[in-house]
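One structure is given below, encoded as structure tokens.
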Amino acid sequence: MLLVTKAIEKSMPKMYETENIPTNEKVVRAKFFDAWGSGTWYGVEYDKETGNFFGYTTGLQVDEWGYFNIHEMAEVKKFGVPRIERDRCFRPTKFEDLKL
């Protein structure tokens with residue numbers, strides 16, 4: 001599965017472009033999840049050159065805002081099968097409207 005489509009790439013603000021937007025007003029434009037675990041990553045900003053996202057992570061040890069790299073996530077496998085998938089049904093949503 002392609003984790004970052006051209007449509008996602010095009011719609012994502014660049015890094016630091018949402019810096020002045022209040023947290024609850026930030027728009028999450030992509031959602032990724034661990035098909036074999038509990039981690040979920042919500043992408044708000046993206047650098048297509050490095051594959052770095054800024055967003056919110058939940059379901060791991062600590063729920064927090066931070067950075068994650070899509071290339072590193074694509075390498076995570078179990079029994080040779082990629083663990084991280086993109087939620088193909090997800091639609092851009094304000095952070096405050098997410099059901100976390």
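Just so we're on the same page: first chain in the structure tokens is A, next is B, and so on; residues restart at 1 for each chain, and ligands are numbered from 1 in the order they show up.
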Using 9 Å as the limit and counting only C-alpha atoms, can you tabulate each residue of region 2-46 of chain A that touches region 50-73 of chain A, with its shortest atom-to-atom distance in Å and the two atoms involved, as JSON lines?
```
{"residue": "A:Leu3", "atom": "CA", "partner": "A:Ile70", "partner_atom": "CA", "distance": 7.5}
{"residue": "A:Val4", "atom": "CA", "partner": "A:Ile70", "partner_atom": "CA", "distance": 8.0}
{"residue": "A:Met15", "atom": "CA", "partner": "A:Phe54", "partner_atom": "CA", "distance": 7.1}
{"residue": "A:Tyr16", "atom": "CA", "partner": "A:Phe54", "partner_atom": "CA", "distance": 8.5}
{"residue": "A:Val28", "atom": "CA", "partner": "A:Gly55", "partner_atom": "CA", "distance": 7.6}
{"residue": "A:Gly37", "atom": "CA", "partner": "A:Gly59", "partner_atom": "CA", "distance": 8.6}
{"residue": "A:Ser38", "atom": "CA", "partner": "A:Gly59", "partner_atom": "CA", "distance": 5.1}
{"residue": "A:Gly39", "atom": "CA", "partner": "A:Gly59", "partner_atom": "CA", "distance": 4.5}
{"residue": "A:Thr40", "atom": "CA", "partner": "A:Thr58", "partner_atom": "CA", "distance": 5.3}
{"residue": "A:Trp41", "atom": "CA", "partner": "A:Thr57", "partner_atom": "CA", "distance": 4.5}
{"residue": "A:Tyr42", "atom": "CA", "partner": "A:Tyr56", "partner_atom": "CA", "distance": 5.1}
{"residue": "A:Gly43", "atom": "CA", "partner": "A:Gly55", "partner_atom": "CA", "distance": 4.5}
{"residue": "A:Val44", "atom": "CA", "partner": "A:Gly55", "partner_atom": "CA", "distance": 5.0}
{"residue": "A:Glu45", "atom": "CA", "partner": "A:Phe54", "partner_atom": "CA", "distance": 5.0}
{"residue": "A:Tyr46", "atom": "CA", "partner": "A:Phe53", "partner_atom": "CA", "distance": 4.5}
```
Mind listing the alpha helix (DSSP H) residues of chain A, per DSSP on the backbone, as a PyMOL selection string? chain A and resi 6-11+70-74
Serialized selection, C-alpha atoms, as a PDB file, in the first residue's frame:
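So the final result, stored in again.pdb, reads:
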```
ATOM      1  CA  LYS A   6       0.026  12.415  -4.534  1.00  0.00           C
ATOM      2  CA  ALA A   7      -3.290  13.809  -3.233  1.00  0.00           C
ATOM      3  CA  ILE A   8      -2.045  13.707   0.375  1.00  0.00           C
ATOM      4  CA  GLU A   9       1.297  15.189  -0.654  1.00  0.00           C
ATOM      5  CA  LYS A  10      -0.453  18.041  -2.458  1.00  0.00           C
ATOM      6  CA  SER A  11      -2.898  18.809   0.367  1.00  0.00           C
ATOM      7  CA  ILE A  70       7.007   7.778   6.751  1.00  0.00           C
ATOM      8  CA  HIS A  71      10.041   5.992   5.267  1.00  0.00           C
ATOM      9  CA  GLU A  72      10.937   4.514   8.644  1.00  0.00           C
ATOM     10  CA  MET A  73       7.324   3.501   9.206  1.00  0.00           C
ATOM     11  CA  ALA A  74       7.221   1.729   5.816  1.00  0.00           C
TER      12      ALA A  74
END
```
With distances taken over only C-alpha atoms, the candidate from A:Glu25, A:Asp97, A:Glu49, A:Asp34 nearest Arg83 (chain A) is A:Asp34
From chain A, collect each residue whose DSSP state is strand (DSSP E or B) and return the set as a PyMOL selection string. chain A and resi 27-28+30-34+40-47+52-58+64-69+77-78+81-82+84-86+93-94
